[in-house]
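A.B. asks: Following this line is data-v7.txt, made up of compact mmCIF, C-alpha atoms:
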```txt
# COMPACT_ATOMS: atom_id res chain seq x y z
CA MET A 457 0.00 0.00 0.00
CA ALA A 458 1.00 3.60 -0.44
CA ASP A 459 2.52 5.38 2.54
CA ASN A 460 -0.43 6.97 4.36
CA ALA A 461 1.55 10.22 4.73
CA ASN A 462 1.62 10.49 0.93
CA ALA A 463 -1.89 9.15 0.31
CA PHE A 464 -4.11 11.12 -2.03
CA VAL A 465 -7.10 8.75 -1.70
CA GLU A 466 -7.53 6.86 1.55
CA PHE A 467 -10.11 4.47 2.99
CA ASP A 468 -9.65 4.14 6.76
CA ARG A 469 -11.48 1.16 8.35
CA VAL A 470 -14.46 1.72 6.03
CA GLN A 471 -17.52 -0.49 6.34
CA LYS A 472 -20.81 -0.45 4.47
CA SER A 473 -24.11 -2.14 5.28
CA TYR A 474 -27.44 -1.55 3.59
CA ASP A 475 -29.60 -3.40 6.12
CA GLY A 476 -27.71 -2.77 9.35
CA GLU A 477 -26.69 -6.42 9.60
CA THR A 478 -24.80 -7.66 6.53
CA LEU A 479 -21.56 -5.89 5.64
CA VAL A 480 -20.97 -5.57 1.89
CA VAL A 481 -17.66 -3.78 2.59
CA LYS A 482 -15.67 -5.04 5.59
CA ASP A 483 -12.97 -2.94 7.28
CA LEU A 484 -11.47 -1.53 4.08
CA ASN A 485 -8.05 0.04 4.50
CA LEU A 486 -6.64 1.34 1.26
CA SER A 487 -4.39 4.24 0.34
CA MET A 488 -3.16 5.35 -3.05
CA PRO A 489 -0.79 8.14 -4.09
CA LYS A 490 -1.54 10.94 -6.51
CA GLY A 491 -1.22 9.92 -10.16
CA GLU A 492 -1.86 6.21 -9.64
CA PHE A 493 -4.18 4.17 -11.85
CA LEU A 494 -5.79 1.67 -9.46
CA THR A 495 -8.36 -0.90 -10.52
CA MET A 496 -10.90 -2.51 -8.21
CA LEU A 497 -11.47 -5.97 -9.66
CA GLY A 498 -13.85 -8.67 -8.52
CA PRO A 499 -17.01 -10.65 -9.22
CA SER A 500 -20.51 -9.20 -8.88
CA GLY A 501 -21.38 -8.53 -5.24
CA SER A 502 -17.77 -8.39 -4.07
CA GLY A 503 -18.02 -4.76 -2.87
CA LYS A 504 -15.91 -3.00 -5.52
CA THR A 505 -18.67 -0.79 -6.98
CA THR A 506 -19.93 0.10 -3.50
CA CYS A 507 -16.43 1.36 -2.65
CA LEU A 508 -16.41 3.49 -5.80
CA MET A 509 -19.85 4.91 -5.03
CA MET A 510 -18.78 5.79 -1.47
CA LEU A 511 -15.73 7.60 -2.85
CA ALA A 512 -17.96 9.47 -5.32
CA GLY A 513 -20.43 10.40 -2.56
CA PHE A 514 -23.42 8.49 -3.96
CA GLU A 515 -23.27 6.06 -1.03
CA THR A 516 -22.46 6.80 2.62
CA ALA A 517 -20.01 4.74 4.66
CA THR A 518 -21.59 3.01 7.65
CA HIS A 519 -18.30 3.23 9.54
CA GLY A 520 -14.84 4.67 8.98
CA ASP A 521 -13.45 7.61 7.03
CA ILE A 522 -12.77 8.35 3.38
CA LEU A 523 -10.12 11.00 2.82
CA LEU A 524 -9.12 12.95 -0.28
CA ASP A 525 -5.76 14.73 -0.17
CA GLY A 526 -5.72 14.26 3.61
CA LYS A 527 -9.20 15.71 4.25
CA PRO A 528 -12.28 13.67 5.26
CA ILE A 529 -14.99 13.83 2.61
CA ASN A 530 -17.71 11.68 4.22
CA ASP A 531 -19.99 14.67 4.72
CA ILE A 532 -19.20 16.49 1.47
CA PRO A 533 -21.92 16.10 -1.23
CA PRO A 534 -20.89 14.56 -4.58
CA HIS A 535 -20.98 17.80 -6.60
CA LYS A 536 -18.54 19.49 -4.20
CA ARG A 537 -15.91 16.73 -4.22
CA GLY A 538 -14.43 17.81 -7.56
CA ILE A 539 -14.34 14.25 -8.87
CA GLY A 540 -14.86 13.24 -12.51
CA MET A 541 -17.09 10.23 -13.20
CA VAL A 542 -17.42 7.91 -16.21
CA PHE A 543 -20.18 5.28 -16.30
CA GLN A 544 -20.85 2.24 -18.49
CA ASN A 545 -24.05 3.76 -19.90
CA TYR A 546 -22.30 7.07 -20.83
CA ALA A 547 -24.91 9.17 -18.90
CA LEU A 548 -24.87 11.88 -21.58
CA PHE A 549 -27.77 14.34 -21.85
CA PRO A 550 -29.56 13.26 -25.07
CA HIS A 551 -31.13 16.70 -25.73
CA MET A 552 -27.76 18.49 -25.62
CA THR A 553 -25.01 18.59 -28.20
CA VAL A 554 -21.58 17.17 -27.39
CA ALA A 555 -20.28 20.68 -26.65
CA GLU A 556 -23.27 21.42 -24.41
CA ASN A 557 -22.70 18.15 -22.52
CA LEU A 558 -19.12 19.20 -21.85
CA ALA A 559 -20.16 22.75 -20.95
CA PHE A 560 -22.55 21.56 -18.23
CA PRO A 561 -19.97 20.73 -15.49
CA LEU A 562 -18.18 24.00 -16.31
CA GLN A 563 -21.38 26.05 -16.00
CA VAL A 564 -22.09 24.42 -12.64
CA ARG A 565 -18.66 25.65 -11.54
CA LYS A 566 -19.50 29.13 -12.87
CA ILE A 567 -16.66 29.21 -15.40
CA GLY A 568 -16.96 32.03 -17.95
CA LYS A 569 -17.93 31.45 -21.59
CA SER A 570 -14.55 32.06 -23.25
CA GLU A 571 -12.73 29.83 -20.74
CA ARG A 572 -15.47 27.21 -21.15
CA GLU A 573 -14.98 27.12 -24.89
CA GLU A 574 -11.22 26.73 -24.52
CA LYS A 575 -11.59 23.87 -22.02
CA ILE A 576 -14.17 22.11 -24.21
CA LYS A 577 -11.92 22.35 -27.24
CA ARG A 578 -8.97 20.97 -25.27
CA ALA A 579 -11.00 18.09 -23.78
CA LEU A 580 -12.42 17.05 -27.17
CA GLY A 581 -8.90 17.12 -28.60
CA MET A 582 -7.70 14.79 -25.84
CA VAL A 583 -10.18 12.09 -26.89
CA GLN A 584 -9.79 12.72 -30.65
CA MET A 585 -13.32 14.08 -31.01
CA GLY A 586 -12.56 17.68 -31.94
CA ASP A 587 -14.97 17.75 -34.93
CA PHE A 588 -17.99 16.37 -33.08
CA GLY A 589 -18.97 19.28 -30.82
CA GLY A 590 -22.19 20.03 -32.71
CA ARG A 591 -23.59 16.49 -32.75
CA ARG A 592 -26.04 14.96 -30.33
CA PRO A 593 -25.32 11.65 -28.53
CA ALA A 594 -27.80 9.74 -30.72
CA GLN A 595 -25.67 10.61 -33.76
CA LEU A 596 -22.59 8.94 -32.24
CA SER A 597 -21.47 5.31 -32.04
CA GLY A 598 -21.01 3.64 -28.65
CA GLY A 599 -17.27 4.17 -28.73
CA GLN A 600 -17.70 7.84 -29.67
CA GLN A 601 -20.21 8.34 -26.86
CA GLN A 602 -17.79 6.83 -24.35
CA ARG A 603 -15.04 9.14 -25.58
CA ILE A 604 -17.36 12.10 -24.99
CA ALA A 605 -18.25 10.79 -21.52
CA LEU A 606 -14.52 10.62 -20.78
CA ALA A 607 -13.98 14.15 -22.11
CA ARG A 608 -16.83 15.43 -19.89
CA ALA A 609 -15.17 13.83 -16.85
CA LEU A 610 -11.87 15.54 -17.71
CA VAL A 611 -13.11 18.92 -18.94
CA PHE A 612 -13.03 20.66 -15.52
CA GLU A 613 -9.52 19.24 -14.88
CA PRO A 614 -10.23 17.09 -11.81
CA GLU A 615 -7.35 15.48 -9.94
CA LEU A 616 -9.38 12.29 -9.41
CA VAL A 617 -11.49 10.41 -11.98
CA LEU A 618 -13.69 7.41 -11.13
CA MET A 619 -14.70 4.94 -13.83
CA ASP A 620 -17.41 2.30 -13.33
CA GLU A 621 -17.21 -0.47 -15.97
CA PRO A 622 -16.80 2.23 -18.67
CA LEU A 623 -15.98 -0.18 -21.52
CA GLY A 624 -18.44 -2.96 -20.65
CA ALA A 625 -20.90 -2.15 -23.44
CA LEU A 626 -18.31 -2.00 -26.25
CA ASP A 627 -17.11 -4.71 -28.61
CA LYS A 628 -13.76 -6.42 -27.99
CA GLN A 629 -11.63 -4.54 -30.52
CA LEU A 630 -12.92 -1.11 -29.55
CA ARG A 631 -12.62 -1.99 -25.85
CA GLU A 632 -8.95 -2.86 -26.31
CA THR A 633 -8.29 0.37 -28.23
CA LEU A 634 -9.90 2.50 -25.52
CA GLN A 635 -8.03 0.63 -22.77
CA PHE A 636 -4.74 1.95 -24.10
CA GLU A 637 -6.15 5.42 -24.84
CA ILE A 638 -7.53 5.84 -21.32
CA THR A 639 -4.34 4.57 -19.66
CA ASN A 640 -2.06 6.78 -21.75
CA LEU A 641 -4.29 9.82 -21.26
CA ALA A 642 -4.39 9.32 -17.47
CA HIS A 643 -0.60 9.05 -17.27
CA ASP A 644 -0.02 11.98 -19.64
CA LEU A 645 -2.31 14.22 -17.58
CA GLY A 646 -1.04 12.91 -14.24
CA ILE A 647 -4.57 12.32 -12.92
CA THR A 648 -5.46 9.74 -10.29
CA VAL A 649 -7.89 7.06 -11.51
CA VAL A 650 -9.98 4.53 -9.61
CA TYR A 651 -11.37 2.08 -12.14
CA VAL A 652 -13.94 -0.67 -11.47
CA THR A 653 -14.24 -3.76 -13.64
CA HIS A 654 -14.87 -7.51 -13.49
CA ASP A 655 -12.68 -8.03 -16.57
CA GLN A 656 -9.30 -9.49 -15.54
CA THR A 657 -7.54 -8.65 -18.82
CA GLU A 658 -8.70 -5.05 -18.59
CA ALA A 659 -7.37 -4.77 -15.04
CA LEU A 660 -4.00 -6.33 -15.87
CA THR A 661 -3.58 -4.21 -19.02
CA MET A 662 -4.47 -0.81 -17.61
CA SER A 663 -3.46 -0.63 -13.96
CA ASP A 664 -0.49 0.42 -11.87
CA ARG A 665 -2.00 -1.69 -9.08
CA VAL A 666 -5.04 -3.95 -8.84
CA ALA A 667 -7.16 -4.54 -5.73
CA VAL A 668 -8.88 -7.93 -6.02
CA PHE A 669 -12.16 -7.92 -4.09
CA ASP A 670 -14.17 -10.85 -2.79
CA ASP A 671 -16.79 -10.97 -0.05
CA GLY A 672 -16.34 -7.29 0.83
CA ARG A 673 -12.59 -7.50 1.40
CA ILE A 674 -9.44 -6.91 -0.61
CA GLN A 675 -7.93 -10.36 -1.13
CA GLN A 676 -4.73 -8.96 -2.64
CA LEU A 677 -3.46 -5.53 -3.68
CA ALA A 678 -0.47 -5.58 -6.00
CA PRO A 679 0.92 -4.58 -9.41
CA PRO A 680 -0.51 -6.72 -12.26
CA ASP A 681 2.58 -8.90 -12.76
CA GLU A 682 2.85 -9.71 -9.04
CA LEU A 683 -0.85 -10.49 -8.88
CA TYR A 684 -0.57 -12.97 -11.74
CA GLU A 685 2.79 -14.51 -10.89
CA ALA A 686 2.48 -14.59 -7.09
CA PRO A 687 -1.18 -14.92 -6.01
CA LYS A 688 -1.64 -14.88 -2.23
CA ASN A 689 -4.55 -17.30 -2.09
CA SER A 690 -6.58 -19.67 -4.22
CA PHE A 691 -9.31 -17.11 -4.95
CA VAL A 692 -6.82 -14.71 -6.55
CA ALA A 693 -5.07 -17.54 -8.41
CA GLN A 694 -8.39 -18.75 -9.86
CA PHE A 695 -9.84 -15.30 -10.59
CA ILE A 696 -6.78 -13.81 -12.30
CA GLY A 697 -6.12 -15.62 -15.57
CA GLU A 698 -6.34 -19.34 -16.22
CA ASN A 699 -4.92 -21.60 -13.54
CA ASN A 700 -4.38 -25.30 -12.90
CA THR A 701 -4.96 -26.72 -9.45
CA LEU A 702 -3.98 -30.04 -7.95
CA GLN A 703 -4.92 -31.08 -4.42
CA GLY A 704 -2.71 -32.87 -1.95
CA VAL A 705 -1.09 -33.04 1.49
CA VAL A 706 2.09 -31.28 2.62
CA THR A 707 4.66 -33.95 3.54
CA SER A 708 7.61 -31.66 4.28
CA LEU A 709 8.19 -27.94 4.78
CA SER A 710 11.55 -26.19 4.79
CA GLY A 711 12.14 -22.50 4.13
CA ASP A 712 10.86 -21.48 0.70
CA ARG A 713 10.03 -25.03 -0.43
CA CYS A 714 7.47 -27.63 0.53
CA THR A 715 6.74 -31.10 -0.78
CA VAL A 716 3.16 -32.08 -1.60
CA LYS A 717 1.83 -35.60 -2.10
CA LEU A 718 -0.84 -35.35 -4.78
CA ASP A 719 -4.30 -36.84 -4.45
CA GLY A 720 -5.20 -39.28 -7.20
CA SER A 721 -1.68 -40.38 -8.11
CA GLY A 722 0.35 -40.36 -4.89
CA GLU A 723 3.21 -38.62 -6.69
CA THR A 724 5.12 -35.87 -4.87
CA ILE A 725 6.04 -32.42 -6.19
CA ASP A 726 7.86 -29.40 -4.75
CA ALA A 727 6.21 -25.99 -4.50
CA ILE A 728 6.59 -22.54 -2.97
CA PRO A 729 4.63 -22.55 0.32
CA VAL A 730 2.20 -19.62 0.46
CA ASN A 731 -0.64 -20.52 2.82
CA VAL A 732 0.69 -23.70 4.42
CA SER A 733 2.18 -23.75 7.90
CA LYS A 734 3.02 -27.35 8.79
CA GLU A 735 3.34 -30.92 7.60
CA GLY A 736 -0.02 -32.62 7.23
CA ASP A 737 -1.81 -29.49 5.95
CA ARG A 738 -4.05 -30.09 2.99
CA THR A 739 -3.29 -27.69 0.19
CA LEU A 740 -4.19 -26.66 -3.33
CA VAL A 741 -1.23 -26.42 -5.68
CA SER A 742 -1.38 -23.77 -8.45
CA ILE A 743 0.43 -23.90 -11.83
CA ARG A 744 -0.22 -21.54 -14.75
CA PRO A 745 -0.98 -23.34 -18.07
CA GLU A 746 1.78 -21.55 -20.00
CA ARG A 747 4.44 -22.70 -17.48
CA VAL A 748 3.85 -26.38 -18.29
CA GLU A 749 5.81 -28.10 -21.07
CA PHE A 750 5.29 -31.29 -23.04
CA ASN A 751 8.20 -33.77 -23.08
CA PRO A 752 10.01 -31.35 -20.81
CA SER A 753 13.73 -30.66 -20.94
CA LEU A 754 13.76 -28.21 -18.06
CA GLY A 755 16.69 -29.69 -16.14
CA PRO A 756 17.13 -31.96 -13.12
CA ASN A 757 14.89 -29.90 -10.81
CA ALA A 758 11.80 -30.14 -13.02
CA HIS A 759 8.78 -32.19 -12.08
CA THR A 760 7.58 -34.70 -14.64
CA LEU A 761 4.13 -36.28 -14.54
CA ASP A 762 2.27 -38.67 -16.80
CA ALA A 763 -0.83 -37.28 -18.51
CA GLU A 764 -3.51 -38.29 -20.98
CA VAL A 765 -4.76 -35.98 -23.73
CA LEU A 766 -8.50 -35.35 -23.51
CA GLU A 767 -8.90 -32.40 -25.88
CA PHE A 768 -6.67 -30.42 -28.26
CA ILE A 769 -7.95 -26.99 -29.34
CA TYR A 770 -6.48 -24.73 -32.04
CA MET A 771 -6.84 -21.07 -30.94
CA GLY A 772 -4.74 -19.30 -33.58
CA ASP A 773 -1.72 -18.00 -31.70
CA VAL A 774 -1.81 -20.80 -29.10
CA PHE A 775 -2.81 -24.43 -28.74
CA ARG A 776 -4.88 -25.28 -25.67
CA THR A 777 -4.66 -28.90 -24.53
CA ARG A 778 -6.87 -30.40 -21.81
CA LEU A 779 -5.31 -33.31 -19.96
CA LYS A 780 -6.05 -35.87 -17.30
CA VAL A 781 -3.40 -35.41 -14.58
CA ALA A 782 -3.28 -36.95 -11.08
CA GLY A 783 -6.90 -38.05 -11.35
CA ARG A 784 -8.20 -34.67 -12.55
CA ASP A 785 -9.53 -34.08 -16.05
CA ASP A 786 -9.34 -30.27 -16.13
CA PHE A 787 -5.59 -29.70 -16.38
CA ILE A 788 -4.75 -27.20 -19.16
CA VAL A 789 -1.50 -26.64 -21.05
CA LYS A 790 -1.05 -23.64 -23.36
CA THR A 791 1.68 -23.77 -25.99
CA ARG A 792 2.65 -21.28 -28.68
CA ASN A 793 1.62 -22.08 -32.24
CA ARG A 794 4.94 -23.21 -33.70
CA ALA A 795 5.67 -25.17 -36.85
CA ASP A 796 7.18 -28.02 -34.81
CA GLN A 797 4.28 -28.32 -32.36
CA ALA A 798 2.70 -31.77 -32.65
CA ARG A 799 -1.08 -31.87 -33.00
CA LEU A 800 -2.03 -34.14 -30.11
CA LYS A 801 -4.99 -36.51 -30.29
CA PRO A 802 -7.42 -37.52 -27.54
CA GLY A 803 -6.22 -40.67 -25.79
CA GLU A 804 -2.50 -40.01 -26.36
CA LYS A 805 -0.21 -40.54 -23.36
CA VAL A 806 2.26 -37.69 -22.83
CA LYS A 807 4.70 -36.44 -20.24
CA ILE A 808 4.40 -32.92 -18.86
CA GLY A 809 6.65 -30.93 -16.57
CA TRP A 810 7.34 -27.62 -14.87
CA LEU A 811 9.84 -25.98 -12.55
CA PRO A 812 9.18 -25.92 -8.78
CA GLN A 813 9.38 -22.11 -8.67
CA ASP A 814 6.34 -21.97 -10.98
CA CYS A 815 4.26 -23.99 -8.55
CA ARG A 816 2.59 -22.48 -5.44
CA ALA A 817 1.00 -24.28 -2.50
CA LEU A 818 -2.03 -22.18 -1.63
CA ASP A 819 -4.89 -22.65 0.83
CA SER A 820 -6.93 -25.80 0.45
```
Write out the structure in this file as structure tokens.

C.D. replies:
Amino acid sequence: MADNANAFVEFDRVQKSYDGETLVVKDLNLSMPKGEFLTMLGPSGSGKTTCLMMLAGFETATHGDILLDGKPINDIPPHKRGIGMVFQNYALFPHMTVAENLAFPLQVRKIGKSEREEKIKRALGMVQMGDFGGRRPAQLSGGQQQRIALARALVFEPELVLMDEPLGALDKQLRETLQFEITNLAHDLGITVVYVTHDQTEALTMSDRVAVFDDGRIQQLAPPDELYEAPKNSFVAQFIGENNTLQGVVTSLSGDRCTVKLDGSGETIDAIPVNVSKEGDRTLVSIRPERVEFNPSLGPNAHTLDAEVLEFIYMGDVFRTRLKVAGRDDFIVKTRNRADQARLKPGEKVKIGWLPQDCRALDS
């Protein structure tokens, strides 16, 4: 987490309940520095959107404090927080032109006409929509509307912008284009962004850090590469990217290595112990599909297991092979599409392997 002394946005022991009994946000402590792009990622009902709405002022915290630039904002109404907002449904005024939509937050702040026009021109230029000021939202595509919604959030030059699933209604190609545009724009302008999504790829692509939510709590807060390569528990490992899991019992534990006896086959493998504390603990071992090799030549420390091919799928740039391993029939291996890659057939017996450092013993 960011040093609290340098925190621009801070949640201090924040809780939220709608019925006075069930907490949808549980003791949230989170701080982020100015200029960071932080994504709140999680499944529906995990508490991420509620946190965003409390920061915006549309929901009130049941307990705890929310601070902006060191000052509590719990009692400040939304329109006085100086925060830009971008929603999935664009939330543009249909009866106004693009320029009038952008002028609205400036008029509310009593900014004069000539300065308004300059700010509108600059904001439209930022999102490559400079020629669209006279159109109405209905005359724009979905991607164009979202660009205008982004420009409206930026037009009054806020230091903090909140985005709630802003790309959820767009097609894949346009979504990917806007991911890079939004990230680059945020970094170029030096604004702080809190972004909410349930899309893992979006979170990994766009963020400086990602907070993975489940059951009202942050399960892990880390940069994207750390989140993917070093998940702290099985929920994060399963939620971020594709992941293989094998169950077993810890038979030895020493420093940064443990040995696990696998269910189903009785074979033993080494792993990095994450949430295991002693011999005899049951555990779930995690291996990413792209870290597994066929007919491995990874050296003397590699683990090698027998497997049976159940399904071989051509996906263009990669091949995705489903295997039966240690009694489980959902083990996936991803390999690059190379000219020398054999096309495996269901029923074939193969050997697979990986390095111990790519294997993590998580909670059971």

A.B. asks: I want to know what sits within 10 Å of segment 746-748 of chain A, based on all atoms listed in the file, with residues of the same chain fewer than 2 positions away left out; could you give that as number ranges by chain?

C.D. replies: A: 698-700, 743-744, 750-752, 759-760, 774, 776, 788-792, 808-811, 814-815

A.B. asks: Just give me the gap between atom CA of Glu466 of chain A and atom CA of Pro499 of chain A in Å, one decimal is fine.

C.D. replies: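 A separation of 22.6 Å between them.
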
A.B. asks: Please list, as a PyMOL selection string, the residues that have an atom at most 12 Å away from (-17.4, -4.1, -6.2) in the coordinates of this file, counting only C-alpha atoms.

C.D. replies: chain A and resi 472+480-482+495-510+620-621+650-654+667-674

A.B. asks: How many Å lie between atom CA of Ser473 of chain A and atom CA of Gln656 of chain A, rounded to one decimal?

C.D. replies: 26.6 Å

A.B. asks: Can you pull out the residues contacting Ala607 of chain A? Cut-off 7 Å, using all atoms listed in the file, and skip same-chain residues under 5 positions away; I want them as a PyMOL selection string.

C.D. replies: chain A and resi 579-580+583

A.B. asks: Those residues with C-alpha atoms, as a compact mmCIF listing (two decimals), in the frame of the given file please?

C.D. replies:
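Here's the written file result15.txt:
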```
# COMPACT_ATOMS: atom_id res chain seq x y z
CA ALA A 579 -11.00 18.09 -23.78
CA LEU A 580 -12.42 17.05 -27.17
CA VAL A 583 -10.18 12.09 -26.89
```

A.B. asks: Using only C-alpha atoms, which residues sit within 9 Å of segment 800-806 of chain A once same-chain residues fewer than 2 positions away are excluded, as a list in words?

C.D. replies: Phe750, Asn751, Leu761, Asp762, Ala763, Glu764, Val765, Leu766, Glu767, Phe768, Thr777, Leu779, Gln797, Ala798 and Ile808 of chain A

A.B. asks: Could you write out the selected residues, including C-alpha atoms, as a PDB file, in the frame of the given file?

C.D. replies:
```
ATOM      1  CA  PHE A 750       5.290 -31.290 -23.040  1.00  0.00           C
ATOM      2  CA  ASN A 751       8.200 -33.770 -23.080  1.00  0.00           C
ATOM      3  CA  LEU A 761       4.130 -36.280 -14.540  1.00  0.00           C
ATOM      4  CA  ASP A 762       2.270 -38.670 -16.800  1.00  0.00           C
ATOM      5  CA  ALA A 763      -0.830 -37.280 -18.510  1.00  0.00           C
ATOM      6  CA  GLU A 764      -3.510 -38.290 -20.980  1.00  0.00           C
ATOM      7  CA  VAL A 765      -4.760 -35.980 -23.730  1.00  0.00           C
ATOM      8  CA  LEU A 766      -8.500 -35.350 -23.510  1.00  0.00           C
ATOM      9  CA  GLU A 767      -8.900 -32.400 -25.880  1.00  0.00           C
ATOM     10  CA  PHE A 768      -6.670 -30.420 -28.260  1.00  0.00           C
ATOM     11  CA  THR A 777      -4.660 -28.900 -24.530  1.00  0.00           C
ATOM     12  CA  LEU A 779      -5.310 -33.310 -19.960  1.00  0.00           C
ATOM     13  CA  GLN A 797       4.280 -28.320 -32.360  1.00  0.00           C
ATOM     14  CA  ALA A 798       2.700 -31.770 -32.650  1.00  0.00           C
ATOM     15  CA  ILE A 808       4.400 -32.920 -18.860  1.00  0.00           C
TER      16      ILE A 808
END
```

A.B. asks: Distance table requested - segment 612-688 of chain A against segment 723-734 of chain A, cut-off 10 Å, only C-alpha atoms: one row per qualifying residue with the closest atom pair and its distance in Å to one decimal, ordered by chain and rising residue number, as a tab-separated table.

C.D. replies:
```
residue	atom	partner	partner_atom	distance
A:Ala686	CA	A:Val730	CA	9.1
A:Pro687	CA	A:Val730	CA	8.7
A:Lys688	CA	A:Val730	CA	6.7
```

A.B. asks: For Pro593 of chain A, find every residue with an atom within 8 Å (counting only C-alpha atoms), except residues of its own chain fewer than 3 positions away, and show them as a list in words.

C.D. replies: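 My reading of the contact set: Leu548, Phe549, Pro550, Met552, Thr553, Val554, Leu596 and Gln601 of chain A.
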
A.B. asks: What are the closest atom pairs, with distances in Å to one decimal, for each residue of segment 572-635 of chain A lying within 9 Å of segment 555-568 of chain A, using all atoms listed in the file, rows by chain and rising residue number, as a Markdown table?

C.D. replies:
```
| residue | atom | partner | partner_atom | distance |
| --- | --- | --- | --- | --- |
| A:Arg572 | CA | A:Gly568 | CA | 6.0 |
| A:Glu573 | CA | A:Ala559 | CA | 7.8 |
| A:Lys575 | CA | A:Ala559 | CA | 8.7 |
| A:Ile576 | CA | A:Leu558 | CA | 6.2 |
| A:Lys577 | CA | A:Ala555 | CA | 8.5 |
| A:Ala579 | CA | A:Leu558 | CA | 8.4 |
| A:Leu580 | CA | A:Ala555 | CA | 8.7 |
| A:Phe588 | CA | A:Ala555 | CA | 8.1 |
| A:Gly589 | CA | A:Ala555 | CA | 4.6 |
| A:Gly590 | CA | A:Ala555 | CA | 6.4 |
| A:Arg591 | CA | A:Ala555 | CA | 8.1 |
| A:Arg592 | CA | A:Ala555 | CA | 8.9 |
| A:Ile604 | CA | A:Leu558 | CA | 8.0 |
| A:Ala605 | CA | A:Leu558 | CA | 8.5 |
| A:Ala607 | CA | A:Leu558 | CA | 7.2 |
| A:Arg608 | CA | A:Leu558 | CA | 4.8 |
| A:Ala609 | CA | A:Leu558 | CA | 8.3 |
| A:Val611 | CA | A:Leu558 | CA | 6.7 |
| A:Phe612 | CA | A:Leu562 | CA | 6.2 |
```

A.B. asks: Just the residues within 8 Å of segment 679-681 of chain A, please, counting all atoms listed in the file, with nothing from its chain fewer than 3 positions along; format it as a list in words.

C.D. replies: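 Near neighbours after the sequence-gap exclusion: Ala659, Leu660, Thr661, Ser663, Asp664, Arg665, Val666, Tyr684 and Glu685 of chain A.
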
A.B. asks: So what do you get for atom CA of Ser820 of chain A versus atom CA of Phe691 of chain A, distance-wise?

C.D. replies: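 Rounded to one decimal, the two atoms are 10.5 Å apart.
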
A.B. asks: Which one is closest to Glu615 of chain A: A:Ala758, A:Val649, A:Ala594, A:Leu702? Count only C-alpha atoms.

C.D. replies: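 Checking each candidate against Glu615 of chain A, we get A:Val649 as the closest.
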